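K.L.:
Sharing a structure here in structure tokens format.
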Amino acid sequence: MRRAAAARANESGLQILTLPNLAARLAGGFRSLVPSEQLDRAIQQALAAGGFKEIEKVRHLPGMTRAVSRALRKVWDADVSLRADATNARLADLALIENRVRRELPLAAALPIDLRDAALSRLLHAARTIGPLMIDRLSWIPPLWRPLIDALAKEVPVEWIASPHAETAWFAGRIVRAPEMENAAPAAVSCADPHHEVIESLRWARYLIASGTAHPDQIAIVSAGTAPWDDHFRALAPDAGFRLAFPHGIPALSTRDGQRCAALADVLQHGLNQQRLRRLVSLCRGERSAFERLPANWLAALPRGATLSRPEEWRRAISAAATSDASLAGAADALPIVDILARGISAAAEAAVLVLHGRALQLWQSALRSAPPEAIELSLRTSRFESDHDPADSVVWCSARELATSPRPYVRLLGLTDRHWPRRQGNDSVVPDHVLSSAIVDVDPVAEADRRHFRIIVEAATGRAVLSRGRRSAQGGRVGRSLLSEGQPEEHLSRTRVPEHAWNEADRIMARPQDAAEIGQVRSADACWRDWHLERFTPHDGKFDAEHPVVVRSIERVQSATSLRRMLRDPLGFVWRYALGWNAPRDREQPLTILPDEFGKLVHELLRRAVDALEPVPGYARASDAEIETAVADASSAVRDAWPLRGQTPPALLWRNTVDFAASLALAGLLRKEITDAGTRSWTEVPFGQPNADATERQLPWDPTIPVTIPGTPVKLGGSIDRLDLNSRGTAVRVWDYKTGQTPRNPARIVIDGGSELQRALYGLACRQLLDGEPTVVARLLYLRGDTLAVRLPDLDAAVEQIAAFVNVAVSMMRKGVVTSGRLSFDRSNELRLALPASPGYERRKLAASNKINATISRYWSAP
């Protein structure tokens, strides 16, 4: 800010220097203070050399470089001399590190204490190199630089323009006190939490600018520490309509370059999988990375749901894609990249050169220099980039320490809670009190500094000062007022209040309900909210036009047992899923288990592969137990390798155990033959009613494209039968529905179980319609867990008639445009439950209306 003022005033020849730059100018010889990155790298090398007395066992821990750097800076600022022969082992270790760092640095780079001493040795040149010196509004100078300032005061005129609260007792030169100005008492407000504080501060700043009260360069938003608010300001400020500068730097992870580094760290530290690699590729696209050499659509050709957690799986998936599409032959170039990424964090440097470029690569390499690769995520979280805007013509968001040297007339102070302002000083991890007293090394305690900065900023706010705090922390805990703001009357600001001045378009609409009412989405949301509180049935509960074409098409489609179960037990969910195409979101992370439905498919896959291997020679009916066990083992080996290329699977060890358990259930089902006719032919996963069925090499008992219908209904059926046994004469057929869940109570009483148990009857119906003649059909459930249990359907005809009546009631409701929540809707196993209101009060409130609408269909939900 002083440089901007000098430019505006045309102060030609003025030199504006920091204290280290002042010492470097006097020392000459191109000497300069060692940069932070260079210092961290030298400390890292010093720690790697070992040979320490106390810190030897912890020198490799993540964060050690940063902790040692922080401790050394404290020691240097306190002007404490470290000696290698110190009686204290910890101080001797620090002295050893200091000496090693000093030897590692280039000749032009100097430690602060060495730079100060070099400047003191050349004081006789001060008159020509420095001239008259002014210390402009610094409130505190570290003891390290005080001998240099005092020595300069004897050679050249030195004056200090200082606040009344600055620590100037040691200074021997001329002190010029900043003029005291009249200002009003600061206002105090309380907000809901840090996010709300940011919104209120943006409203306040925008009002000052829009009303002409202040220019952007006269406004500051400040706090003792910026971390709790940085991300909120970074996300919200672009919509505010004015420039907001971050003098302390913007969080690196809030930028696209930072996210590229975060995506790479995610792959290296948490393991390779498809979701993480897709994110990395999407972020690095167009950045001259190694991915640019690959075909443009190489990722689109891979199975989207596959986990792909090992290089071998990527190799097979890419090979399969290249086989089906010759244009993807170049996708094999991705395999060397995948191999490097699969090595994990040990390949951090090599992987970064391949996939990162420009500022992202610089950020990554800087993070590796400041901490071990294992701590890369922590390093990235604390890294910052230079602000996009210049503070000289912008509103600033910064720390109190920064603003105290250049206060502004309009200031809003955030975080005035008993936890945050003043902050509490903790014990240094490398130089704790028992090693070196904090009274010696901590020469400017953070609590005292926060109080001093608070007084300087508030007293300089000649326009307006607002003291703000959150009633709750970012984690939701209650917090109290800071001692610094006690005695000020506090205004309670509600999160839902109507603001005097909006900070963006959404805020303006919230403040003007009449404008919001003209927006279609807002009107719809308001109507939904009102209908949510009504006990009667409304369009937002499942009411739509009769004979709606989308719903009619969903009824006319070929229904599977799964979709038919949804139609009967959750008509509203059927409309969502099959008419509107809604799907529940999938977990993007690699799961530790597979879903029950997926486990059932796994068992069925093993059964299909095993029976296909046994048919026609020697034939499942004639196969021995040993041959069946061998077939299941071969099927398990094939599925173990194939499934990770098709969908999400658990980590390797858990996946192997899951397949072994599924194989044990499949084996139990296959060993239970109950076949007396040696000529009986068996099939598994037998397709039926599928008009677009793919050609298959195996022989089937019927044409799978022949339609199957439920008699007396408009519903067509399709699917696959778990297992079908047909005797040699074609006069008897047995169908099996395998169950991988727990055996229910009284399974012999189950017929359709309120619409949840349909497969057995539907399989029997398909056999009657597709097999020649009129074979005797036996439909059974086979529970595979524990002791296997087979349960026969006593009356297939009665079950089919009951299902038909059930279907007609559900179809009639949907054609009339009146469907509501069903028996399955609020069940925890229902993945579409997410689309229903979360409050349990909604279910109770709508219960009477739902019962009235479901009066006819509900009696089927109680059917055995």
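Ordering of the structure tokens sets the chain letters (A, B, ...); residue numbers start at 1 within each chain; ligands are numbered from 1 in the order shown.
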If you count only C-alpha atoms, which residues fall within 9 Å of Ala153 in chain A, apart from same-chain ones fewer than 5 positions away, as a PyMOL selection string?

P.N.:
chain A and resi 133+148+158-159+172-174

K.L.:
Would you export the selected residues with N, CA, C and O atoms as a compact mmCIF listing (two decimals), in the first residue's frame, please?

P.N.:
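Full text of out24.txt as output:
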# COMPACT_ATOMS: atom_id res chain seq x y z
N LEU A 133 16.19 7.24 7.11
CA LEU A 133 15.37 6.03 7.19
C LEU A 133 14.10 6.32 7.97
O LEU A 133 14.14 6.99 9.01
N LEU A 148 20.52 -3.60 14.65
CA LEU A 148 20.80 -2.94 13.38
C LEU A 148 20.12 -1.58 13.33
O LEU A 148 20.73 -0.58 12.89
N VAL A 158 16.97 8.42 11.66
CA VAL A 158 15.96 7.34 11.68
C VAL A 158 14.77 7.81 12.49
O VAL A 158 14.94 8.25 13.64
N GLU A 159 13.61 7.77 11.90
CA GLU A 159 12.40 8.09 12.65
C GLU A 159 11.36 6.98 12.44
O GLU A 159 11.34 6.31 11.42
N ALA A 172 15.91 4.09 20.16
CA ALA A 172 16.63 5.29 20.59
C ALA A 172 16.47 6.46 19.62
O ALA A 172 16.89 7.57 19.92
N GLY A 173 15.84 6.22 18.45
CA GLY A 173 15.68 7.29 17.48
C GLY A 173 14.46 8.15 17.75
O GLY A 173 13.87 8.14 18.84
N ARG A 174 14.06 8.91 16.74
CA ARG A 174 12.93 9.84 16.86
C ARG A 174 11.63 9.09 16.57
O ARG A 174 11.50 8.40 15.56

K.L.:
Using DSSP assignments from the backbone, pull out every residue in range 424-612 of chain A that falls under alpha helix (DSSP H) and give it to me as a VMD selection string.

P.N.:
chain A and resid 438 to 441 446 to 460 505 to 511 513 to 516 520 to 532 549 to 556 561 to 569 571 to 574 596 to 612

K.L.:
Work out how far apart CA of Thr680 in chain A and CA of Trp702 in chain A are and give it in Å to one decimal.

P.N.:
15.8 Å

K.L.:
Can you list every residue in range 489-604 of chain A that DSSP puts in strand (DSSP E or B), as a ChimeraX atom specification?

P.N.:
/A:490-492,543,558-559

K.L.:
Show me, as a PyMOL selection string, the residues that have an atom within 9 Å of range 707-711 of chain A when counting only C-alpha atoms, minus same-chain residues fewer than 2 positions from it.

P.N.:
chain A and resi 558+688-691+704-705+713-718+762+765-766+769-770+800-801+803-804+807

K.L.:
Give me, as a PyMOL selection string, all polymer residues having an atom no more than 9 Å from Ala404 in chain A, counting only C-alpha atoms and skipping those fewer than 4 positions away in the same chain.

P.N.:
chain A and resi 137-139+399-400+408+452-454+456-457

K.L.:
For the selection you just gave me, I'd like the residues written to a file as a compact mmCIF listing (two decimals), in the first residue's frame, keeping N, CA, C and O atoms.

P.N.:
# COMPACT_ATOMS: atom_id res chain seq x y z
N ARG A 137 4.89 2.77 10.44
CA ARG A 137 3.74 2.14 11.09
C ARG A 137 3.92 0.67 11.44
O ARG A 137 2.92 -0.06 11.57
N LEU A 138 5.15 0.21 11.58
CA LEU A 138 5.33 -1.12 12.15
C LEU A 138 4.99 -1.05 13.63
O LEU A 138 5.38 -0.11 14.32
N SER A 139 4.28 -2.05 14.11
CA SER A 139 3.90 -2.03 15.52
C SER A 139 4.86 -2.82 16.40
O SER A 139 4.85 -2.68 17.63
N SER A 399 -5.14 -10.99 7.33
CA SER A 399 -4.97 -11.17 8.78
C SER A 399 -4.76 -9.82 9.45
O SER A 399 -4.37 -8.84 8.82
N ALA A 400 -5.02 -9.79 10.75
CA ALA A 400 -4.86 -8.55 11.51
C ALA A 400 -3.41 -8.09 11.51
O ALA A 400 -3.13 -6.88 11.50
N ARG A 408 -7.16 0.60 7.44
CA ARG A 408 -8.10 1.26 6.54
C ARG A 408 -9.25 1.86 7.35
O ARG A 408 -9.56 1.37 8.45
N ARG A 452 -2.84 -6.24 20.41
CA ARG A 452 -2.22 -5.02 19.89
C ARG A 452 -2.77 -4.67 18.51
O ARG A 452 -3.13 -3.53 18.24
N HIS A 453 -2.86 -5.66 17.65
CA HIS A 453 -3.38 -5.42 16.29
C HIS A 453 -4.85 -4.99 16.34
O HIS A 453 -5.27 -4.12 15.55
N PHE A 454 -5.61 -5.57 17.25
CA PHE A 454 -7.02 -5.20 17.39
C PHE A 454 -7.14 -3.71 17.73
O PHE A 454 -7.93 -2.98 17.10
N ILE A 456 -4.96 -1.28 17.28
CA ILE A 456 -4.48 -0.42 16.19
C ILE A 456 -5.52 -0.32 15.08
O ILE A 456 -5.82 0.77 14.58
N ILE A 457 -6.11 -1.46 14.70
CA ILE A 457 -7.07 -1.47 13.58
C ILE A 457 -8.34 -0.71 13.94
O ILE A 457 -8.84 0.10 13.15

K.L.:
Would you kindly return, as a ChimeraX atom specification, each protein, DNA or RNA residue with an atom no farther than 10 Å from any atom of range 583-587 of chain A, considering only C-alpha atoms and excluding same-chain residues fewer than 6 positions away?

P.N.:
/A:305,576-577,648,830-835

K.L.:
Any idea what the distance is between CA of Gly755 in chain A and CA of Arg780 in chain A?

P.N.:
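About the pair CA of Gly755 in chain A and CA of Arg780 in chain A: they are 16.4 Å apart.
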
K.L.:
Name all residues at most 10 Å from Asn427 in chain A (count only C-alpha atoms; drop same-chain ones fewer than 6 positions away) and give them as a PyMOL selection string.

P.N.:
chain A and resi 433-434+438+442

K.L.:
Include N, CA and C atoms and write out the residues we just selected as a CSV table (one decimal), in the first residue's frame.

P.N.:
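Resulting contents of out_1.csv:
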chain,number,residue,atom,x,y,z
A,433,ASP,N,8.8,-25.3,26.4
A,433,ASP,CA,9.2,-24.5,27.6
A,433,ASP,C,10.4,-25.1,28.4
A,434,HIS,N,10.4,-26.5,28.5
A,434,HIS,CA,11.4,-27.1,29.3
A,434,HIS,C,12.8,-27.1,28.6
A,438,SER,N,9.5,-19.9,27.0
A,438,SER,CA,8.8,-19.1,26.0
A,438,SER,C,9.0,-17.6,26.3
A,442,ASP,N,9.7,-16.9,22.6
A,442,ASP,CA,8.5,-16.4,22.1
A,442,ASP,C,8.4,-14.9,22.5

K.L.:
Please identify all polymer residues within 8 Å of Arg565 in chain A, counting only C-alpha atoms, omitting same-chain residues fewer than 4 positions from it, and present them as number ranges by chain.

P.N.:
A: 561, 569-570, 755-758

K.L.:
Which one of A:Gly764, A:Pro432, A:Gly817, A:Gly470 sits closest to Thr417 in chain A if you count only C-alpha atoms?

P.N.:
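Looking at the shortest contact to Thr417 in chain A, the residue is A:Gly470.
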
K.L.:
Which is closer to Pro651 in chain A than all the others in A:Leu308, A:Leu277, A:Val818, A:Val791, using only C-alpha atoms?

P.N.:
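So, comparing all the options, the nearest one is A:Leu308.
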
K.L.:
Just how far from CA of Leu781 in chain A is CA of Ser821 in chain A, in Å to one decimal?

P.N.:
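Going from CA of Ser821 in chain A over to CA of Leu781 in chain A, I get 28.8 Å.
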
K.L.:
So, with only C-alpha atoms as the atoms that count, which of A:Ala516, A:Leu416, A:Val617, A:Ile509 lies closest to Arg472 in chain A?

P.N.:
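For Arg472 in chain A, the nearest of the given residues is A:Leu416.
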
K.L.:
Would you please work out which residue, of A:Asp612, A:Ala798, A:Leu361, A:Asp507, is nearest to Asp634 in chain A when using only C-alpha atoms?

P.N.:
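Result for the nearest residue to Asp634 in chain A: A:Asp612.
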